[in-house]
file target_19.cif (mmCIF, C-alpha atoms)
data_model
#
loop_
_atom_site.label_atom_id
_atom_site.label_comp_id
_atom_site.auth_asym_id
_atom_site.auth_seq_id
_atom_site.Cartn_x
_atom_site.Cartn_y
_atom_site.Cartn_z
CA MET R 1 -2.20 -8.42 -19.52
CA GLN R 2 -1.92 -4.74 -20.40
CA SER R 3 1.62 -3.38 -20.46
CA ILE R 4 2.62 -1.06 -17.63
CA GLU R 5 5.23 0.71 -19.76
CA GLY R 6 4.64 4.44 -19.98
CA LYS R 7 1.89 4.43 -17.33
CA VAL R 8 1.65 7.17 -14.68
CA VAL R 9 2.16 5.35 -11.37
CA TRP R 10 1.90 7.01 -7.96
CA ILE R 11 3.68 5.11 -5.17
CA THR R 12 3.23 5.95 -1.49
CA GLY R 13 5.76 4.84 1.11
CA ALA R 14 8.43 5.12 -1.59
CA SER R 15 11.31 6.27 0.62
CA SER R 16 12.34 2.73 1.64
CA GLY R 17 11.43 -0.95 1.57
CA ILE R 18 8.86 -2.26 -0.89
CA GLY R 19 8.00 1.22 -2.16
CA GLU R 20 11.62 2.03 -2.94
CA ALA R 21 12.11 -1.31 -4.73
CA LEU R 22 8.93 -0.74 -6.76
CA THR R 23 10.18 2.70 -7.77
CA TYR R 24 13.40 1.29 -9.20
CA ALA R 25 11.62 -1.57 -10.99
CA LEU R 26 8.98 0.67 -12.56
CA SER R 27 11.56 3.26 -13.57
CA GLU R 28 13.21 0.51 -15.62
CA LYS R 29 9.82 0.01 -17.32
CA ASN R 30 9.76 3.67 -18.45
CA CYS R 31 6.84 4.50 -16.16
CA LYS R 32 6.12 8.11 -15.28
CA LEU R 33 6.43 8.03 -11.51
CA ILE R 34 5.16 10.07 -8.59
CA ILE R 35 6.79 9.01 -5.33
CA SER R 36 5.47 9.97 -1.91
CA ALA R 37 6.47 9.66 1.73
CA ARG R 38 7.00 11.99 4.68
CA ASN R 39 10.79 12.12 4.27
CA GLU R 40 11.45 14.36 1.26
CA GLU R 41 15.23 14.00 1.59
CA ALA R 42 14.97 10.21 1.40
CA LEU R 43 12.68 10.52 -1.63
CA GLN R 44 15.28 12.65 -3.36
CA GLY R 45 17.85 9.91 -2.75
CA VAL R 46 15.50 7.32 -4.27
CA ARG R 47 14.88 9.56 -7.29
CA ASN R 48 18.61 10.01 -7.85
CA ASN R 49 19.06 6.22 -7.95
CA CYS R 50 16.38 5.70 -10.61
CA ALA R 51 17.21 4.68 -14.16
CA LYS R 52 14.99 7.47 -15.57
CA LYS R 53 15.07 10.09 -12.83
CA ASP R 54 13.68 12.76 -15.17
CA LEU R 55 10.43 10.77 -15.11
CA VAL R 56 10.23 10.73 -11.31
CA LYS R 57 8.32 13.46 -9.47
CA ILE R 58 8.49 13.90 -5.70
CA LEU R 59 5.31 14.60 -3.75
CA PRO R 60 5.68 14.66 0.06
CA LEU R 61 2.75 12.97 1.82
CA ASP R 62 1.66 12.47 5.41
CA LEU R 63 -1.19 9.95 5.59
CA GLY R 64 -2.23 11.46 8.90
CA SER R 65 -3.20 14.73 7.19
CA PHE R 66 -6.66 13.65 6.04
CA LYS R 67 -7.95 17.12 5.18
CA THR R 68 -5.18 17.88 2.68
CA MET R 69 -5.71 14.80 0.47
CA GLY R 70 -7.74 16.71 -2.10
CA GLN R 71 -4.93 19.22 -2.59
CA THR R 72 -2.40 16.39 -2.74
CA VAL R 73 -4.34 14.66 -5.52
CA GLU R 74 -4.58 17.93 -7.47
CA GLN R 75 -0.81 18.33 -7.22
CA ALA R 76 -0.25 14.72 -8.33
CA LEU R 77 -2.48 15.23 -11.38
CA SER R 78 -0.60 18.42 -12.29
CA PHE R 79 2.67 16.54 -12.89
CA TYR R 80 1.60 14.47 -15.90
CA SER R 81 -2.07 15.55 -16.27
CA SER R 82 -3.16 12.05 -15.21
CA VAL R 83 -2.67 9.13 -12.84
CA ASP R 84 -3.18 5.57 -14.09
CA ILE R 85 -2.24 3.58 -11.00
CA LEU R 86 -2.10 4.42 -7.30
CA ILE R 87 0.00 2.01 -5.25
CA ASN R 88 -1.05 2.37 -1.61
CA ASN R 89 2.08 1.13 0.10
CA ALA R 90 2.76 3.57 2.96
CA GLY R 91 2.19 2.57 6.56
CA ILE R 92 3.62 1.99 10.01
CA SER R 93 4.14 -1.16 12.04
CA GLN R 94 3.61 -2.38 15.59
CA ARG R 95 4.99 -5.20 17.69
CA SER R 96 3.72 -5.73 21.23
CA LEU R 97 1.41 -7.94 23.24
CA ILE R 98 -2.19 -6.76 23.50
CA ILE R 99 -1.92 -6.44 27.29
CA ASP R 100 1.08 -4.11 26.88
CA THR R 101 -0.26 -1.99 24.02
CA GLU R 102 -1.66 1.47 24.77
CA PHE R 103 -4.95 2.38 23.08
CA GLU R 104 -3.27 5.36 21.39
CA VAL R 105 -1.04 2.92 19.49
CA TYR R 106 -4.12 1.26 17.98
CA LYS R 107 -5.59 4.65 17.08
CA LYS R 108 -2.37 5.70 15.34
CA LEU R 109 -2.23 2.47 13.36
CA MET R 110 -5.81 2.89 12.17
CA ASP R 111 -5.30 6.58 11.38
CA ILE R 112 -2.23 5.95 9.22
CA ASN R 113 -2.56 2.44 7.80
CA TYR R 114 -6.33 2.47 7.27
CA LEU R 115 -7.95 5.91 7.38
CA GLY R 116 -5.05 7.73 5.70
CA THR R 117 -5.04 5.21 2.86
CA ILE R 118 -8.83 5.50 2.53
CA ALA R 119 -8.68 9.32 2.54
CA LEU R 120 -6.16 9.33 -0.32
CA THR R 121 -8.08 6.69 -2.26
CA LYS R 122 -11.38 8.56 -1.93
CA ALA R 123 -9.74 11.80 -3.04
CA LEU R 124 -8.48 10.16 -6.26
CA LEU R 125 -11.58 8.02 -6.92
CA PRO R 126 -13.68 10.76 -8.62
CA TYR R 127 -10.91 11.25 -11.20
CA PHE R 128 -10.84 7.51 -11.97
CA ILE R 129 -14.63 7.47 -12.31
CA GLN R 130 -14.56 10.53 -14.57
CA THR R 131 -11.94 9.03 -16.89
CA LYS R 132 -13.54 5.56 -16.76
CA LYS R 133 -10.20 3.98 -15.91
CA GLY R 134 -7.77 3.66 -13.04
CA HIS R 135 -6.19 1.04 -10.82
CA PHE R 136 -5.83 1.00 -7.05
CA VAL R 137 -3.09 -1.38 -5.90
CA THR R 138 -2.99 -1.71 -2.13
CA VAL R 139 -0.10 -3.45 -0.42
CA THR R 140 -1.50 -5.15 2.67
CA SER R 141 -0.01 -8.31 4.16
CA LEU R 142 -0.74 -11.94 4.90
CA MET R 143 -1.70 -10.47 8.27
CA GLY R 144 -4.64 -8.85 6.51
CA LYS R 145 -6.05 -12.36 6.15
CA PHE R 146 -5.23 -13.92 9.51
CA GLY R 147 -3.71 -12.89 12.83
CA SER R 148 -0.21 -13.04 14.25
CA PRO R 149 1.09 -12.73 17.81
CA TYR R 150 2.46 -9.30 18.76
CA ARG R 151 0.77 -7.63 15.76
CA SER R 152 -2.83 -7.12 16.91
CA GLY R 153 -3.11 -3.47 15.84
CA TYR R 154 -1.24 -4.00 12.58
CA CYS R 155 -3.42 -7.01 11.72
CA GLY R 156 -6.58 -5.08 12.55
CA ALA R 157 -5.68 -2.21 10.21
CA LYS R 158 -4.74 -4.61 7.40
CA HIS R 159 -7.99 -6.56 7.80
CA ALA R 160 -9.87 -3.26 7.53
CA LEU R 161 -8.13 -2.46 4.24
CA HIS R 162 -9.27 -5.78 2.78
CA GLY R 163 -12.87 -5.07 3.70
CA PHE R 164 -12.85 -1.58 2.21
CA PHE R 165 -11.09 -2.40 -1.05
CA ASP R 166 -13.16 -5.54 -1.67
CA VAL R 167 -16.27 -3.33 -1.55
CA LEU R 168 -14.62 -0.62 -3.67
CA ARG R 169 -14.04 -3.25 -6.36
CA MET R 170 -17.67 -4.38 -6.19
CA GLU R 171 -19.08 -0.86 -6.40
CA HIS R 172 -16.84 0.64 -9.09
CA GLU R 173 -15.86 -2.16 -11.46
CA LYS R 174 -18.68 -0.82 -13.64
CA ASP R 175 -16.82 2.52 -13.81
CA GLY R 176 -13.64 0.97 -15.17
CA VAL R 177 -11.88 1.08 -11.78
CA SER R 178 -9.69 -1.92 -10.93
CA VAL R 179 -8.61 -2.98 -7.44
CA THR R 180 -5.74 -5.29 -6.53
CA LEU R 181 -4.79 -6.32 -2.99
CA VAL R 182 -1.19 -7.50 -2.62
CA CYS R 183 -0.42 -9.69 0.41
CA PRO R 184 3.34 -10.11 0.87
CA GLY R 185 4.69 -12.66 3.29
CA PHE R 186 8.05 -12.21 5.00
CA VAL R 187 9.86 -9.16 3.59
CA GLN R 188 13.04 -7.85 5.22
CA THR R 189 12.41 -4.09 5.29
CA ASN R 190 13.00 -1.31 7.79
CA ILE R 191 9.33 -1.22 8.85
CA ALA R 192 9.46 -4.63 10.54
CA LYS R 193 12.35 -6.96 11.28
CA MET R 194 10.51 -9.98 12.63
CA PRO R 195 11.76 -11.66 15.82
CA SER R 196 12.53 -15.36 15.51
CA GLN R 197 9.68 -16.43 17.85
CA GLU R 198 7.07 -14.59 15.76
CA MET R 199 8.48 -15.97 12.52
CA VAL R 200 8.31 -19.55 13.83
CA VAL R 201 4.64 -19.12 14.77
CA LEU R 202 3.71 -17.69 11.38
CA ARG R 203 5.64 -20.34 9.47
CA LYS R 204 3.76 -23.06 11.36
CA MET R 205 0.48 -21.37 10.44
CA MET R 206 1.45 -21.13 6.78
CA MET R 207 2.55 -24.77 6.61
CA SER R 208 -0.79 -26.15 7.83
CA PRO R 209 -3.03 -27.73 5.12
CA LEU R 210 -5.73 -25.11 5.68
CA LYS R 211 -3.34 -22.21 5.16
CA THR R 212 -1.74 -23.88 2.14
CA ASP R 213 -5.15 -24.17 0.44
CA PHE R 214 -5.92 -20.58 1.44
CA ARG R 215 -2.70 -19.27 -0.15
CA LEU R 216 -3.60 -21.01 -3.41
CA GLN R 217 -6.99 -19.30 -3.34
CA LEU R 218 -5.34 -15.92 -2.73
CA SER R 219 -2.93 -16.39 -5.64
CA ARG R 220 -5.86 -16.85 -8.02
CA LYS R 221 -7.60 -13.66 -6.96
CA LYS R 222 -7.18 -10.50 -9.05
#

call {"tool": "encode", "arguments": {"input": "target_19.cif", "output": "structure tokens"}}
result
Amino acid sequence: MQSIEGKVVWITGASSGIGEALTYALSEKNCKLIISARNEEALQGVRNNCAKKDLVKILPLDLGSFKTMGQTVEQALSFYSSVDILINNAGISQRSLIIDTEFEVYKKLMDINYLGTIALTKALLPYFIQTKKGHFVTVTSLMGKFGSPYRSGYCGAKHALHGFFDVLRMEHEKDGVSVTLVCPGFVQTNIAKMPSQEMVVLRKMMMSPLKTDFRLQLSRKK
């Protein structure tokens, strides 16, 4: 496996949760970091807590602003003259029964979790193709592989990410572009603190023989 040390890594959703933890871990690896989220003040706090804060650049990002993604990528490339890895981690959550969920909630989830991530990815893709290298790492969820009660919109957006990035890998592996989909299970972050009833349902699903075999298959995928 190629070393990540010294790589230019751009992390979205870096103001808290998984993105924040990744920022600290990669800072310890001497990576040159670009951290993005909507909350610039929170990003500054994350930067100040990094082991190598001089190698951490802050780039505010709103995934709902599709039309500005080209400018955002240009700004990201201006920091270190390159980007080696984009970690698509930003997103929002949802917890409600389908019957109680307004359509606008589904639209917002797709706009941010799916279309915003795709807009940023497509804006950076030409650079990766030009340089014949680059790695998209997209943090989805186990819910991108199967459903869960109360999370219909969230699951739908995560399933969509899997479809898009699987095809991106197929189409651009020849250009030196790598794609990794990361499917975390239960993570205690601010975005979603899972109620006990939902956790029990998901644990039962994961303990079934079918799901156990499926997890083993996922772990072997790139």

call {"tool": "resolve_selection", "arguments": {"input": "target_19.cif", "expression": "the PyMOL selection byres ((chain R and resi 31) around 9)", "output": "list in words"}}
result
Ile4, Glu5, Gly6, Lys7, Val8, Val9, Leu26, Ser27, Glu28, Lys29, Asn30, Lys32, Leu33, Lys52, Leu55 and Val56 of chain R

call {"tool": "write_last_selection", "arguments": {"input": "target_19.cif", "atoms": "C-alpha atoms", "output": "CSV table (one decimal), keeping the file's coordinate frame"}}
result
chain,number,residue,atom,x,y,z
R,4,ILE,CA,2.6,-1.1,-17.6
R,5,GLU,CA,5.2,0.7,-19.8
R,6,GLY,CA,4.6,4.4,-20.0
R,7,LYS,CA,1.9,4.4,-17.3
R,8,VAL,CA,1.6,7.2,-14.7
R,9,VAL,CA,2.2,5.4,-11.4
R,26,LEU,CA,9.0,0.7,-12.6
R,27,SER,CA,11.6,3.3,-13.6
R,28,GLU,CA,13.2,0.5,-15.6
R,29,LYS,CA,9.8,0.0,-17.3
R,30,ASN,CA,9.8,3.7,-18.4
R,32,LYS,CA,6.1,8.1,-15.3
R,33,LEU,CA,6.4,8.0,-11.5
R,52,LYS,CA,15.0,7.5,-15.6
R,55,LEU,CA,10.4,10.8,-15.1
R,56,VAL,CA,10.2,10.7,-11.3

call {"tool": "closest_atom_pairs", "arguments": {"input": "target_19.cif", "of": "stretch 136-161 of chain R", "to": "stretch 76-93 of chain R", "cutoff": "7 Å", "atoms": "all atoms listed in the file", "output": "CSV"}}
result
residue,atom,partner,partner_atom,distance
R:Phe136,CA,R:Leu86,CA,5.1
R:Val137,CA,R:Ile87,CA,4.6
R:Thr138,CA,R:Asn88,CA,4.5
R:Val139,CA,R:Asn89,CA,5.1
R:Tyr154,CA,R:Ser93,CA,6.1

call {"tool": "residues_around", "arguments": {"input": "target_19.cif", "residues": "R:Gly176", "least_positions_apart": "3", "cutoff": "10 Å", "atoms": "only C-alpha atoms", "output": "list of chain:residue names"}}
result
R:Phe128, R:Ile129, R:Gln130, R:Thr131, R:Lys132, R:Lys133, R:Gly134, R:His135, R:Arg169, R:His172, R:Glu173

call {"tool": "resolve_selection", "arguments": {"input": "target_19.cif", "expression": "the PyMOL selection byres ((chain R and resi 98) around 9)", "output": "list in words"}}
result
Ser96, Leu97, Ile99, Asp100, Thr101, Glu102, Pro149, Tyr150, Arg151, Ser152 and Gly153 of chain R

call {"tool": "atom_distance", "arguments": {"input": "target_19.cif", "atom1": "atom CA of R:Phe66", "atom2": "atom CA of R:Ala21"}}
result
26.3 Å

call {"tool": "atom_distance", "arguments": {"input": "target_19.cif", "atom1": "atom CA of R:Leu43", "atom2": "atom CA of R:Leu63"}}
result
15.6 Å

call {"tool": "closest_residue", "arguments": {"input": "target_19.cif", "among": "R:Tyr24, R:Trp10, R:Phe103, R:Tyr114", "to": "R:Gln75", "atoms": "only C-alpha atoms"}}
result
R:Trp10

call {"tool": "closest_residue", "arguments": {"input": "target_19.cif", "among": "R:Glu104, R:Glu171, R:Asp62, R:Asp166", "to": "R:Thr117", "atoms": "only C-alpha atoms"}}
result
R:Asp62

call {"tool": "resolve_selection", "arguments": {"input": "target_19.cif", "expression": "the PyMOL selection byres ((chain R and resi 35-40) around 8)", "output": "PyMOL selection string"}}
result
chain R and resi 10-15+23+33-34+41-44+56-62+90

call {"tool": "closest_residue", "arguments": {"input": "target_19.cif", "among": "R:Ile18, R:Gly156, R:Thr140, R:Gly147", "to": "R:Lys108", "atoms": "only C-alpha atoms"}}
result
R:Gly156

call {"tool": "atom_distance", "arguments": {"input": "target_19.cif", "atom1": "atom CA of R:Arg95", "atom2": "atom CA of R:Val182"}}
result
21.4 Å

call {"tool": "closest_residue", "arguments": {"input": "target_19.cif", "among": "R:Ala51, R:Leu120, R:Ala157, R:Val46", "to": "R:Tyr106", "atoms": "all atoms listed in the file"}}
result
R:Ala157

call {"tool": "axis_aligned_box", "arguments": {"input": "target_19.cif", "around": "stretch 96-109 of chain R", "padding_each_side": "6 Å", "output": "AutoDock Vina command-line options"}}
result
--center_x -0.9 --center_y -1.1 --center_z 20.3 --size_x 21.3 --size_y 25.6 --size_z 25.9

call {"tool": "residues_around", "arguments": {"input": "target_19.cif", "residues": "stretch 159-162 of chain R", "least_positions_apart": "6", "cutoff": "9 Å", "atoms": "all atoms listed in the file", "output": "MDAnalysis selection string"}}
result
chainID R and resid 110 113:115 117:118 138 140:141 143:146 181
